[in-house]
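See below for data00.tsv, which holds TSV, C-alpha atoms.
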chain	number	residue	atom	x	y	z
A	1	MET	CA	34.85	-1.25	26.43
A	2	ASP	CA	36.17	-0.54	22.95
A	3	ARG	CA	34.81	-0.59	19.41
A	4	ASN	CA	35.27	-4.33	19.04
A	5	ASP	CA	33.22	-4.89	22.20
A	6	ILE	CA	30.45	-2.73	20.72
A	7	ILE	CA	30.53	-4.73	17.47
A	8	GLN	CA	30.37	-8.08	19.29
A	9	ASP	CA	27.59	-6.86	21.56
A	10	LEU	CA	25.55	-5.67	18.57
A	11	HIS	CA	26.12	-9.00	16.82
A	12	LYS	CA	24.78	-10.90	19.84
A	13	CYS	CA	21.66	-8.72	19.86
A	14	CYS	CA	20.88	-9.31	16.16
A	15	GLU	CA	19.66	-12.84	15.52
A	16	GLY	CA	21.17	-14.45	12.42
A	17	SER	CA	23.87	-11.79	12.05
A	18	PHE	CA	27.61	-12.28	11.63
A	19	VAL	CA	30.66	-10.05	11.93
A	20	SER	CA	32.77	-9.13	8.91
A	21	GLY	CA	35.66	-6.81	9.74
A	22	ASP	CA	34.23	-3.70	11.37
A	23	ARG	CA	30.64	-4.44	10.34
A	24	VAL	CA	27.75	-6.52	11.62
A	25	ILE	CA	25.98	-8.16	8.66
A	26	LEU	CA	22.23	-8.78	8.82
A	27	PRO	CA	21.58	-11.19	5.92
A	28	SER	CA	17.83	-11.37	6.53
A	29	VAL	CA	17.43	-7.72	5.48
A	30	ASN	CA	20.55	-7.31	3.30
A	31	VAL	CA	21.96	-4.60	5.58
A	32	ALA	CA	25.38	-4.03	7.14
A	33	VAL	CA	25.93	-1.91	10.25
A	34	MET	CA	29.25	-0.27	11.06
A	35	PRO	CA	29.31	1.04	14.66
A	36	GLU	CA	31.66	3.79	15.82
A	37	VAL	CA	32.54	4.97	19.30
A	38	TYR	CA	32.34	8.73	19.69
A	39	GLN	CA	32.42	8.99	23.47
A	40	LEU	CA	32.69	6.55	26.36
A	41	LYS	CA	32.73	7.78	29.95
A	42	ASP	CA	31.95	6.20	33.30
A	43	ASN	CA	28.20	6.64	32.80
A	44	LEU	CA	27.86	8.00	29.25
A	45	ALA	CA	28.03	6.37	25.82
A	46	THR	CA	27.73	8.08	22.44
A	47	LEU	CA	27.79	5.67	19.51
A	48	GLY	CA	27.48	6.22	15.76
A	49	TYR	CA	25.92	3.72	13.37
A	50	HIS	CA	26.44	3.65	9.59
A	51	LEU	CA	23.91	1.44	7.80
A	52	TYR	CA	24.62	0.17	4.27
A	53	SER	CA	22.81	-2.01	1.77
A	54	PRO	CA	23.55	-2.97	-1.84
A	55	GLU	CA	19.94	-1.92	-2.47
A	56	TRP	CA	20.76	1.75	-1.61
A	57	LYS	CA	23.23	4.15	-3.17
A	58	ASN	CA	23.97	5.93	0.09
A	59	GLU	CA	24.20	5.15	3.77
A	60	ILE	CA	21.76	5.84	6.60
A	61	PHE	CA	23.41	7.32	9.67
A	62	GLU	CA	22.40	7.61	13.31
A	63	VAL	CA	23.98	8.70	16.58
A	64	SER	CA	22.66	7.12	19.78
A	65	SER	CA	23.65	8.54	23.17
A	66	ALA	CA	22.63	7.35	26.63
A	67	LEU	CA	23.37	7.67	30.33
A	68	GLY	CA	23.61	4.69	32.68
A	69	LYS	CA	24.69	3.78	36.19
A	70	ASP	CA	28.03	2.69	34.70
A	71	GLN	CA	29.67	2.50	31.28
A	72	LYS	CA	28.28	-0.95	30.45
A	73	ALA	CA	24.75	0.16	31.27
A	74	ALA	CA	25.18	3.33	29.21
A	75	VAL	CA	26.39	1.31	26.21
A	76	GLY	CA	23.43	-1.05	26.61
A	77	MET	CA	21.01	1.88	26.62
A	78	ALA	CA	22.64	3.42	23.53
A	79	GLN	CA	22.61	0.10	21.69
A	80	GLY	CA	18.98	-0.43	22.69
A	81	GLY	CA	18.05	2.99	21.35
A	82	PHE	CA	19.57	2.03	18.02
A	83	LEU	CA	18.06	-1.46	17.92
A	84	PHE	CA	14.51	-0.44	18.84
A	85	GLY	CA	14.65	2.85	16.94
A	86	ILE	CA	16.09	3.21	13.48
A	87	LEU	CA	17.11	-0.43	13.01
A	88	GLU	CA	13.54	-1.68	13.51
A	89	ALA	CA	12.35	0.93	11.02
A	90	VAL	CA	14.99	-0.20	8.52
A	91	GLN	CA	13.99	-3.82	9.00
A	92	ALA	CA	10.34	-2.90	8.43
A	93	MET	CA	11.32	-1.08	5.22
A	94	MET	CA	13.49	-3.90	3.90
A	95	ASN	CA	10.76	-6.48	4.65
A	96	ASP	CA	8.00	-4.09	3.48
A	97	ILE	CA	6.05	-4.42	6.74
A	98	ASN	CA	3.26	-2.03	7.77
A	99	ALA	CA	3.89	0.35	4.88
A	100	ARG	CA	1.77	3.46	4.45
A	101	GLU	CA	1.59	5.57	1.31
A	102	ALA	CA	2.56	9.21	0.80
A	103	ASP	CA	2.94	11.54	-2.19
A	104	SER	CA	5.16	14.58	-2.70
A	105	ASP	CA	5.63	17.12	-5.48
A	106	PHE	CA	9.08	18.04	-6.79
A	107	LEU	CA	8.91	18.99	-10.47
A	108	GLY	CA	6.28	16.29	-10.71
A	109	LEU	CA	4.69	13.58	-8.60
A	110	HIS	CA	6.78	11.32	-6.36
A	111	ARG	CA	5.20	8.32	-4.63
A	112	TRP	CA	6.59	6.93	-1.39
A	113	LYS	CA	6.14	4.07	1.01
A	114	LEU	CA	6.31	5.25	4.62
A	115	TYR	CA	7.57	3.16	7.53
A	116	LEU	CA	7.10	4.47	11.07
A	117	GLY	CA	9.64	3.37	13.65
A	118	ASN	CA	8.94	2.81	17.33
A	119	ILE	CA	8.82	5.75	19.71
A	120	VAL	CA	11.76	5.09	22.01
A	121	ALA	CA	10.70	6.74	25.26
A	122	ILE	CA	12.69	7.57	28.39
A	123	GLY	CA	11.09	8.70	31.64
A	124	LYS	CA	7.51	8.71	32.83
A	125	GLU	CA	6.02	10.68	29.98
A	126	VAL	CA	3.29	8.45	28.46
A	127	PRO	CA	4.52	7.23	25.03
A	128	ALA	CA	2.63	8.92	22.25
A	129	ASP	CA	0.69	7.08	19.57
A	130	ILE	CA	3.18	5.93	16.92
A	131	GLN	CA	1.50	8.14	14.31
A	132	LEU	CA	1.38	11.35	16.38
A	133	TYR	CA	4.55	13.06	15.17
A	134	TRP	CA	3.98	11.99	11.56
A	135	HIS	CA	0.43	13.40	11.58
A	136	VAL	CA	1.65	16.73	12.94
A	137	LEU	CA	4.67	17.06	10.64
A	138	LYS	CA	3.83	15.13	7.47
A	139	ASP	CA	2.74	18.06	5.28
A	140	GLU	CA	5.85	20.07	6.12
A	141	ILE	CA	8.14	17.06	5.67
A	142	LEU	CA	6.67	16.13	2.29
A	143	LYS	CA	7.22	19.72	1.08
A	144	ARG	CA	10.92	19.34	1.87
A	145	ILE	CA	11.81	16.11	0.07
A	146	GLY	CA	12.74	15.77	-3.57
A	147	ASN	CA	13.84	12.88	-5.74
A	148	GLN	CA	15.82	10.92	-3.14
A	149	GLU	CA	15.73	7.14	-3.22
A	150	ILE	CA	15.34	6.96	0.57
A	151	CYS	CA	14.64	9.71	3.10
A	152	TYR	CA	15.05	9.18	6.81
A	153	ILE	CA	13.58	11.58	9.32
A	154	LYS	CA	14.58	11.70	12.97
A	155	ILE	CA	12.34	13.14	15.68
A	156	TYR	CA	13.69	13.90	19.14
A	157	ALA	CA	11.76	15.60	21.92
A	158	ALA	CA	12.88	16.05	25.53
A	159	ASN	CA	11.49	17.80	28.58
A	160	ALA	CA	13.57	17.88	31.78
A	161	GLY	CA	10.49	18.60	33.93
A	162	ASN	CA	10.15	21.00	36.86
A	163	ASP	CA	10.82	24.04	34.67
A	164	GLY	CA	14.01	22.51	33.23
A	165	TYR	CA	15.10	22.69	29.62
A	166	VAL	CA	12.89	21.60	26.72
A	167	THR	CA	14.25	20.71	23.32
A	168	GLY	CA	12.94	19.42	20.03
A	169	GLU	CA	14.62	18.27	16.86
A	170	CYS	CA	13.52	17.18	13.41
A	171	ARG	CA	16.22	16.03	10.99
A	172	ILE	CA	15.75	15.11	7.34
A	173	ASN	CA	18.60	12.89	6.14
A	174	ASP	CA	20.58	13.98	9.20
A	175	THR	CA	20.09	17.71	8.45
A	176	LYS	CA	18.42	19.64	11.26
A	177	ILE	CA	15.39	21.63	10.08
A	178	ASP	CA	14.93	24.58	12.44
A	179	SER	CA	11.28	25.32	11.67
A	180	LEU	CA	10.21	21.69	12.15
A	181	SER	CA	12.39	21.34	15.24
A	182	LYS	CA	10.46	24.25	16.77
A	183	ILE	CA	7.18	22.34	16.23
A	184	VAL	CA	8.61	19.30	18.02
A	185	GLU	CA	9.90	21.48	20.84
A	186	ASP	CA	6.46	23.05	21.29
A	187	MET	CA	4.95	19.56	21.52
A	188	ALA	CA	7.41	18.63	24.27
A	189	LYS	CA	6.58	21.84	26.15
A	190	ALA	CA	2.99	20.62	26.45
A	191	TRP	CA	4.02	17.57	28.49
A	192	HIS	CA	3.23	17.63	32.21
A	193	ASN	CA	6.15	15.49	33.40
A	194	LYS	CA	7.97	16.34	36.62
A	195	GLU	CA	11.16	14.41	35.79
A	196	PHE	CA	13.19	14.03	32.59
A	197	ALA	CA	11.33	12.44	29.68
A	198	SER	CA	12.14	12.07	26.00
A	199	HIS	CA	10.85	10.59	22.75
A	200	LYS	CA	12.90	9.50	19.74
A	201	GLN	CA	11.37	8.19	16.54
A	202	PHE	CA	12.36	7.60	12.91
A	203	PHE	CA	10.28	7.78	9.75
A	204	LEU	CA	11.64	6.09	6.62
A	205	LEU	CA	10.39	7.00	3.17
A	206	ARG	CA	11.29	4.84	0.17
A	207	GLN	CA	10.39	6.13	-3.26
A	208	ASP	CA	8.50	4.05	-5.83
A	209	ARG	CA	10.79	3.05	-8.69
A	210	GLU	CA	8.23	4.38	-11.17
A	211	THR	CA	8.58	7.96	-9.92
A	212	LEU	CA	12.30	7.88	-9.05
A	213	TRP	CA	14.59	9.67	-11.50
A	214	ASP	CA	18.06	8.25	-11.83
A	215	TYR	CA	20.68	10.30	-9.98
A	216	PRO	CA	24.21	9.60	-11.26
A	217	TYR	CA	26.30	9.91	-8.07
A	218	THR	CA	26.82	8.36	-4.68
A	219	HIS	CA	27.79	10.57	-1.75
A	220	ALA	CA	31.32	9.15	-1.95
A	221	GLU	CA	31.56	10.31	-5.57
A	222	ILE	CA	30.34	13.78	-4.58
A	223	ASP	CA	33.00	13.84	-1.84
A	224	ASP	CA	35.66	13.12	-4.46
A	225	ALA	CA	34.28	15.68	-6.94
A	226	VAL	CA	34.13	18.45	-4.32
A	227	GLU	CA	37.63	17.74	-3.02
A	228	LYS	CA	39.05	17.95	-6.54
A	229	ALA	CA	36.96	21.06	-7.27
A	230	LEU	CA	38.41	22.81	-4.21
A	231	MET	CA	41.96	21.94	-5.27
A	232	LEU	CA	41.20	23.26	-8.76
A	233	TYR	CA	39.79	26.47	-7.26
A	234	GLU	CA	42.96	26.93	-5.23
A	235	LYS	CA	45.03	26.55	-8.41
A	236	VAL	CA	43.05	29.07	-10.49
A	237	LEU	CA	43.08	31.46	-7.52
A	238	HIS	CA	46.87	31.16	-7.29
A	239	ASP	CA	47.20	31.70	-11.04
A	240	GLY	CA	44.77	34.65	-11.04
A	241	LYS	CA	42.48	32.90	-13.53
A	242	GLN	CA	39.23	32.59	-11.57
A	243	GLU	CA	37.21	33.30	-14.72
A	244	TYR	CA	38.27	29.90	-16.08
A	245	TYR	CA	37.13	28.00	-12.99
A	246	LEU	CA	33.60	27.00	-14.05
A	247	PRO	CA	34.43	25.90	-17.62
A	248	ALA	CA	37.51	24.04	-16.40
A	249	LEU	CA	35.54	22.31	-13.64
A	250	ALA	CA	32.69	21.41	-16.03
A	251	GLU	CA	35.17	19.88	-18.45
A	252	PHE	CA	36.96	18.00	-15.68
A	253	LEU	CA	33.75	16.59	-14.15
A	254	GLY	CA	32.00	16.01	-17.47
A	255	ASP	CA	28.84	17.37	-15.87
A	256	ARG	CA	28.00	21.06	-16.26
A	257	THR	CA	25.09	20.85	-13.80
A	258	LEU	CA	27.22	19.43	-11.00
A	259	ALA	CA	29.96	21.96	-11.78
A	260	GLN	CA	27.48	24.84	-11.48
A	261	ASP	CA	26.09	23.47	-8.22
A	262	ILE	CA	29.59	23.26	-6.75
A	263	VAL	CA	30.52	26.76	-7.93
A	264	ASN	CA	27.24	28.26	-6.68
A	265	PHE	CA	26.74	26.36	-3.44
A	266	VAL	CA	30.26	26.01	-2.00
A	267	PRO	CA	30.79	29.71	-1.09
A	268	GLU	CA	27.40	29.80	0.68
A	269	ILE	CA	28.15	26.53	2.47
A	270	CYS	CA	31.48	27.94	3.65
A	271	THR	CA	29.59	30.96	5.01
A	272	GLU	CA	27.21	28.69	6.92
A	273	LEU	CA	30.19	26.85	8.41
A	274	ALA	CA	31.97	30.08	9.34
A	275	LEU	CA	28.95	31.92	10.79
A	276	GLN	CA	27.07	29.29	12.75
A	277	GLU	CA	25.24	31.80	14.96
A	278	VAL	CA	23.42	33.18	11.92
A	279	ARG	CA	20.20	31.52	10.75
A	280	PHE	CA	20.25	30.71	7.05
A	281	SER	CA	17.21	30.12	4.89
A	282	GLU	CA	16.01	26.55	4.36
A	283	ALA	CA	15.45	27.35	0.68
A	284	VAL	CA	17.25	28.64	-2.40
A	285	LYS	CA	16.01	30.26	-5.60
A	286	ILE	CA	17.32	29.04	-8.97
A	287	GLU	CA	16.78	31.08	-12.13
A	288	VAL	CA	16.87	28.85	-15.19
A	289	ARG	CA	15.67	29.64	-18.70
A	290	GLY	CA	14.04	32.87	-17.50
A	291	ASN	CA	12.03	31.21	-14.75
A	292	LEU	CA	12.67	31.57	-11.01
A	293	PHE	CA	12.07	28.44	-8.92
A	294	THR	CA	12.19	28.12	-5.14
A	295	PHE	CA	13.38	24.85	-3.64
A	296	TYR	CA	14.10	23.67	-0.14
A	297	LYS	CA	17.76	22.72	0.15
A	298	THR	CA	16.68	19.27	1.38
A	299	GLN	CA	14.84	18.74	-1.93
A	300	LEU	CA	17.95	19.17	-4.03
A	301	ALA	CA	19.99	16.02	-4.58
A	302	ASP	CA	23.27	17.98	-4.69
A	303	TYR	CA	23.05	20.59	-1.92
A	304	TYR	CA	23.63	18.71	1.33
A	305	PRO	CA	25.93	16.04	-0.17
A	306	ILE	CA	28.08	18.94	-1.40
A	307	ALA	CA	27.85	20.58	2.05
A	308	ASN	CA	28.98	17.38	3.78
A	309	ALA	CA	31.77	16.98	1.25
A	310	VAL	CA	33.00	20.53	1.91
A	311	SER	CA	33.12	19.85	5.67
A	312	LYS	CA	35.15	16.68	5.12
A	313	ALA	CA	37.53	18.41	2.72
A	314	LEU	CA	38.11	21.30	5.11
A	315	ASP	CA	38.75	18.86	7.98
A	316	LYS	CA	41.40	17.21	5.79
A	317	GLY	CA	43.06	20.56	5.09
A	318	VAL	CA	42.48	20.33	1.34
A	319	VAL	CA	42.62	24.12	0.91
A	320	SER	CA	44.53	26.89	2.62
A	321	LYS	CA	43.10	29.55	4.93
A	322	LYS	CA	43.56	32.10	2.14
A	323	THR	CA	41.51	29.99	-0.26
A	324	PHE	CA	38.75	29.53	2.34
A	325	GLU	CA	38.63	33.29	2.88
A	326	SER	CA	38.38	33.79	-0.89
A	327	LEU	CA	35.37	31.46	-0.96
A	328	LEU	CA	33.76	33.50	1.82
A	329	TYR	CA	34.27	36.74	-0.10
A	330	ALA	CA	32.63	35.10	-3.14
A	331	SER	CA	29.50	34.43	-1.06
A	332	ALA	CA	26.49	36.73	-1.31
A	333	GLY	CA	25.40	35.52	2.13
A	334	PHE	CA	28.73	36.45	3.71
A	335	ASP	CA	28.54	39.92	2.18
A	336	ALA	CA	24.99	40.43	3.49
A	337	VAL	CA	25.98	39.35	7.01
A	338	GLN	CA	29.04	41.63	7.07
A	339	LYS	CA	26.90	44.62	6.05
A	340	ALA	CA	24.33	43.80	8.75
A	341	LEU	CA	27.05	43.45	11.39
A	342	ALA	CA	28.53	46.79	10.32
A	343	ASP	CA	25.10	48.33	10.90
A	344	GLY	CA	25.08	47.03	14.48
A	345	SER	CA	23.13	43.78	14.17
A	346	LYS	CA	24.10	40.77	16.28
A	347	PRO	CA	24.80	37.46	14.49
A	348	GLU	CA	22.27	35.49	16.56
A	349	HIS	CA	19.51	37.91	15.49
A	350	LEU	CA	20.18	37.59	11.76
A	351	VAL	CA	17.98	35.49	9.47
A	352	LEU	CA	19.11	35.41	5.84
A	353	THR	CA	16.68	35.31	2.95
A	354	ASP	CA	16.88	32.80	0.08
A	355	MET	CA	20.01	32.99	-2.06
A	356	ILE	CA	19.36	33.38	-5.81
A	357	PHE	CA	21.49	31.40	-8.27
A	358	GLN	CA	21.54	31.95	-12.02
A	359	VAL	CA	22.36	28.90	-14.12
A	360	SER	CA	22.79	28.05	-17.79
A	361	ASP	CA	19.95	26.97	-20.07
A	362	ASP	CA	21.22	23.37	-20.11
A	363	TYR	CA	21.12	23.16	-16.29
A	364	ILE	CA	19.11	20.22	-14.89
A	365	VAL	CA	17.36	20.61	-11.53
A	366	ARG	CA	18.04	17.41	-9.58
Can I see the file as structure tokens?
Amino acid sequence: MDRNDIIQDLHKCCEGSFVSGDRVILPSVNVAVMPEVYQLKDNLATLGYHLYSPEWKNEIFEVSSALGKDQKAAVGMAQGGFLFGILEAVQAMMNDINAREADSDFLGLHRWKLYLGNIVAIGKEVPADIQLYWHVLKDEILKRIGNQEICYIKIYAANAGNDGYVTGECRINDTKIDSLSKIVEDMAKAWHNKEFASHKQFFLLRQDRETLWDYPYTHAEIDDAVEKALMLYEKVLHDGKQEYYLPALAEFLGDRTLAQDIVNFVPEICTELALQEVRFSEAVKIEVRGNLFTFYKTQLADYYPIANAVSKALDKGVVSKKTFESLLYASAGFDAVQKALADGSKPEHLVLTDMIFQVSDDYIVR
């Protein structure tokens, strides 16, 4: 099977859909799905799904992986996981079916409509009530969301049974949250299954237009801004004029807040990419106009889009190894880790505290 087979198979499974290029269009919910093939083996399929809508600024993304007696069966299982998991939740959101209400606080009140997806269960573990994971995690999730238009949360729990491995995962907008993943893992440990069992579920949160602040960029525009910012950094580094980097970037972008976020966040993001055994804080502190605020990184509209953009730019080879090393040496987190390692600590035992960023008086928290 190849990507075209996956596209045609998905089209056949979605009533009223049609194929346009590499996408399956679902007119009834104004959504397009672009499948990708990440891995196909004799009995394993790992597929990616990018979901787009003209009603959203940014995409929703999911990876579905499954085992089967042969490749066709594995693909069918992976497609089924997508269809009955996140796609049903997206369809419920777009048709406003079975919505619940939720509120969060991020520099003011934000109102949301919540849509709970199916629990896609494998094995003999009895499927949990559809609200179980939300009830356990909702307070912690709502503390970690900000002004996003749409938030999607993925829950995955698995227990291999008979003293095998147990794992749990909670992702907010495809970012794994370690503390919430531990809660899910502990829930899976309480199962009494003898053979492999798993649960996967999605929650979708769509913010009320009345409480949504306008955010000026799509993720694609952040990708472009970060790539150009890295090239500019390499130039000022080569010219020995690093002190001009922030004002030059602010002038180039026409947005001093975004420029400061790129300058502040990129070195720390590079450190997280370089030192993946180290646990980094879920939060940052921002000092603005004499006040110190603590925010979860998932609350900030810029942090993870910038992080994803940095990863893409590095994969493309936008900057040299020397420039990447310079970014590491500009990172307070990298410096703290190096000192701890010099004192005999092991990377896997390190947990970094919140980074503190100082910003200008005209900075806008987004």
Counting only C-alpha atoms, which residues in segment 247-335 of chain A sit no more than 10 Å from segment 348-360 of chain A? For each one, give the nearest pair of atoms and the distance in Å, sorted by chain then residue number, as CSV.
residue,atom,partner,partner_atom,distance
A:Arg256,CA,A:Ser360,CA,8.9
A:Thr257,CA,A:Val359,CA,8.5
A:Gln260,CA,A:Val359,CA,7.0
A:Asp261,CA,A:Val359,CA,8.8
A:Asn264,CA,A:Phe357,CA,6.7
A:Phe265,CA,A:Phe357,CA,8.7
A:Glu268,CA,A:Met355,CA,8.5
A:Leu275,CA,A:Glu348,CA,9.5
A:Gln276,CA,A:Glu348,CA,8.7
A:Glu277,CA,A:Glu348,CA,5.0
A:Val278,CA,A:Glu348,CA,5.3
A:Arg279,CA,A:Val351,CA,4.7
A:Phe280,CA,A:Leu352,CA,5.0
A:Ser281,CA,A:Asp354,CA,5.5
A:Glu282,CA,A:Asp354,CA,7.6
A:Ala283,CA,A:Asp354,CA,5.7
A:Val284,CA,A:Asp354,CA,4.9
A:Lys285,CA,A:Ile356,CA,4.6
A:Ile286,CA,A:Phe357,CA,4.8
A:Glu287,CA,A:Gln358,CA,4.8
A:Val288,CA,A:Val359,CA,5.6
A:Arg289,CA,A:Ser360,CA,7.4
A:Gly290,CA,A:Gln358,CA,9.3
A:Asn291,CA,A:Gln358,CA,9.9
A:Leu292,CA,A:Ile356,CA,8.7
A:Phe293,CA,A:Ile356,CA,9.3
A:Thr294,CA,A:Asp354,CA,8.4
A:Phe295,CA,A:Asp354,CA,9.4
A:Tyr296,CA,A:Asp354,CA,9.5
A:Ser331,CA,A:Met355,CA,9.7
A:Ala332,CA,A:Met355,CA,7.5
A:Gly333,CA,A:Met355,CA,7.3
A:Phe334,CA,A:Leu352,CA,9.9
From A:Leu300, A:Cys270, A:Ile97, A:Cys170, residue lying nearest Tyr329 of chain A [only C-alpha atoms]: A:Cys270
Residue nearest Ala229 of chain A among A:Ala188, A:Ala313, A:Phe202, A:Arg366 (counting all atoms listed in the file): A:Ala313
Among the residues A:Leu107, A:Leu51, A:Leu327, A:Ile7, the one that comes closest to Val37 of chain A [using all atoms listed in the file]: A:Ile7
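Closest approach to Lys41 of chain A among A:Glu15, A:Asp223, A:Asp2, A:Asp214: A:Asp2, based on only C-alpha atoms.
Those DNA, RNA and protein residues that approach the point (27.0, -7.7, 25.5) to within 12 Å, considering only C-alpha atoms, are Met1, Asp2, Asn4, Asp5, Ile6, Ile7, Gln8, Asp9, Leu10, His11, Lys12, Cys13, Cys14, Lys72, Ala73, Ala74, Val75, Gly76, Met77, Gln79 and Gly80 of chain A.
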The selected residues should be written to file as an mmCIF file, in the coordinates of the input (atoms: C-alpha atoms).
data_model
loop_
_atom_site.group_PDB
_atom_site.id
_atom_site.type_symbol
_atom_site.label_atom_id
_atom_site.label_comp_id
_atom_site.auth_asym_id
_atom_site.auth_seq_id
_atom_site.Cartn_x
_atom_site.Cartn_y
_atom_site.Cartn_z
ATOM 1 C CA MET A 1 34.850 -1.250 26.430
ATOM 2 C CA ASP A 2 36.170 -0.540 22.950
ATOM 3 C CA ASN A 4 35.270 -4.330 19.040
ATOM 4 C CA ASP A 5 33.220 -4.890 22.200
ATOM 5 C CA ILE A 6 30.450 -2.730 20.720
ATOM 6 C CA ILE A 7 30.530 -4.730 17.470
ATOM 7 C CA GLN A 8 30.370 -8.080 19.290
ATOM 8 C CA ASP A 9 27.590 -6.860 21.560
ATOM 9 C CA LEU A 10 25.550 -5.670 18.570
ATOM 10 C CA HIS A 11 26.120 -9.000 16.820
ATOM 11 C CA LYS A 12 24.780 -10.900 19.840
ATOM 12 C CA CYS A 13 21.660 -8.720 19.860
ATOM 13 C CA CYS A 14 20.880 -9.310 16.160
ATOM 14 C CA LYS A 72 28.280 -0.950 30.450
ATOM 15 C CA ALA A 73 24.750 0.160 31.270
ATOM 16 C CA ALA A 74 25.180 3.330 29.210
ATOM 17 C CA VAL A 75 26.390 1.310 26.210
ATOM 18 C CA GLY A 76 23.430 -1.050 26.610
ATOM 19 C CA MET A 77 21.010 1.880 26.620
ATOM 20 C CA GLN A 79 22.610 0.100 21.690
ATOM 21 C CA GLY A 80 18.980 -0.430 22.690
#
Ile25 of chain A environment, 10 Å, all atoms listed in the file, sequence neighbours closer than 3 positions dropped, as a PyMOL selection string: chain A and resi 11+14+16-22+28-34+51-53
Nearest to Val365 of chain A by atom-to-atom distance, counting all atoms listed in the file, from A:Lys346, A:Gly108, A:Gln131, A:His238: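 Nearest to Val365 of chain A: A:Gly108.
Considering the residues A:Tyr156, A:Tyr49, A:Tyr215, A:Phe203 and counting only C-alpha atoms, Leu142 of chain A has its shortest atom-to-atom contact with A:Phe203.
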Shell around Tyr304 of chain A at 9 Å using all atoms listed in the file, local window under 6 positions removed, as a PyMOL selection string: chain A and resi 175+297-298
Residue contacts of Lys235 of chain A (10 Å, only C-alpha atoms) excluding same-chain residues fewer than 5 positions away, as a ChimeraX atom specification: /A:229-230,240-242,245,319,323
Atom CA of Lys312 of chain A to atom CA of Ala220 of chain A, straight-line distance in Å: 11.0 Å
Val318 of chain A environment, 12 Å, all atoms listed in the file, sequence neighbours closer than 6 positions dropped, as a list in words: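 After dropping sequence-adjacent residues, the list is Asp223, Asp224, Val226, Glu227, Lys228, Ala229, Leu230, Met231, Leu232, Tyr233, Glu234, Lys235, Ala309, Val310, Ser311, Lys312 and Phe324 of chain A.
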Can you put N, CA and C atoms back into segment 28-42 of chain A and show it as a short mmCIF file (atom, residue, chain, number, x, y, z; two decimals), in the coordinates of the input?
data_model
loop_
_atom_site.label_atom_id
_atom_site.label_comp_id
_atom_site.auth_asym_id
_atom_site.auth_seq_id
_atom_site.Cartn_x
_atom_site.Cartn_y
_atom_site.Cartn_z
N SER A 28 19.28 -11.28 6.72
CA SER A 28 17.83 -11.37 6.53
C SER A 28 17.24 -10.11 5.91
N VAL A 29 17.94 -8.97 6.07
CA VAL A 29 17.43 -7.72 5.48
C VAL A 29 18.45 -7.08 4.54
N ASN A 30 19.55 -7.79 4.25
CA ASN A 30 20.55 -7.31 3.30
C ASN A 30 21.13 -5.96 3.72
N VAL A 31 21.45 -5.85 5.01
CA VAL A 31 21.96 -4.60 5.58
C VAL A 31 23.22 -4.89 6.39
N ALA A 32 24.18 -3.98 6.30
CA ALA A 32 25.38 -4.03 7.14
C ALA A 32 25.40 -2.81 8.04
N VAL A 33 25.85 -3.00 9.28
CA VAL A 33 25.93 -1.91 10.25
C VAL A 33 27.38 -1.76 10.70
N MET A 34 27.90 -0.55 10.58
CA MET A 34 29.25 -0.27 11.06
C MET A 34 29.15 0.68 12.26
N PRO A 35 29.37 0.18 13.48
CA PRO A 35 29.31 1.04 14.66
C PRO A 35 30.62 1.83 14.83
N GLU A 36 30.50 2.99 15.44
CA GLU A 36 31.66 3.79 15.82
C GLU A 36 31.48 4.26 17.25
N VAL A 37 32.59 4.44 17.94
CA VAL A 37 32.54 4.97 19.30
C VAL A 37 32.95 6.43 19.26
N TYR A 38 32.03 7.31 19.65
CA TYR A 38 32.34 8.73 19.69
C TYR A 38 32.74 9.19 21.09
N GLN A 39 32.11 8.60 22.10
CA GLN A 39 32.42 8.99 23.47
C GLN A 39 32.03 7.87 24.42
N LEU A 40 32.96 7.51 25.30
CA LEU A 40 32.69 6.55 26.36
C LEU A 40 33.22 7.12 27.66
N LYS A 41 32.34 7.33 28.63
CA LYS A 41 32.73 7.78 29.95
C LYS A 41 32.18 6.81 30.99
N ASP A 42 32.38 7.11 32.25
CA ASP A 42 31.95 6.20 33.30
C ASP A 42 30.47 5.88 33.22
#
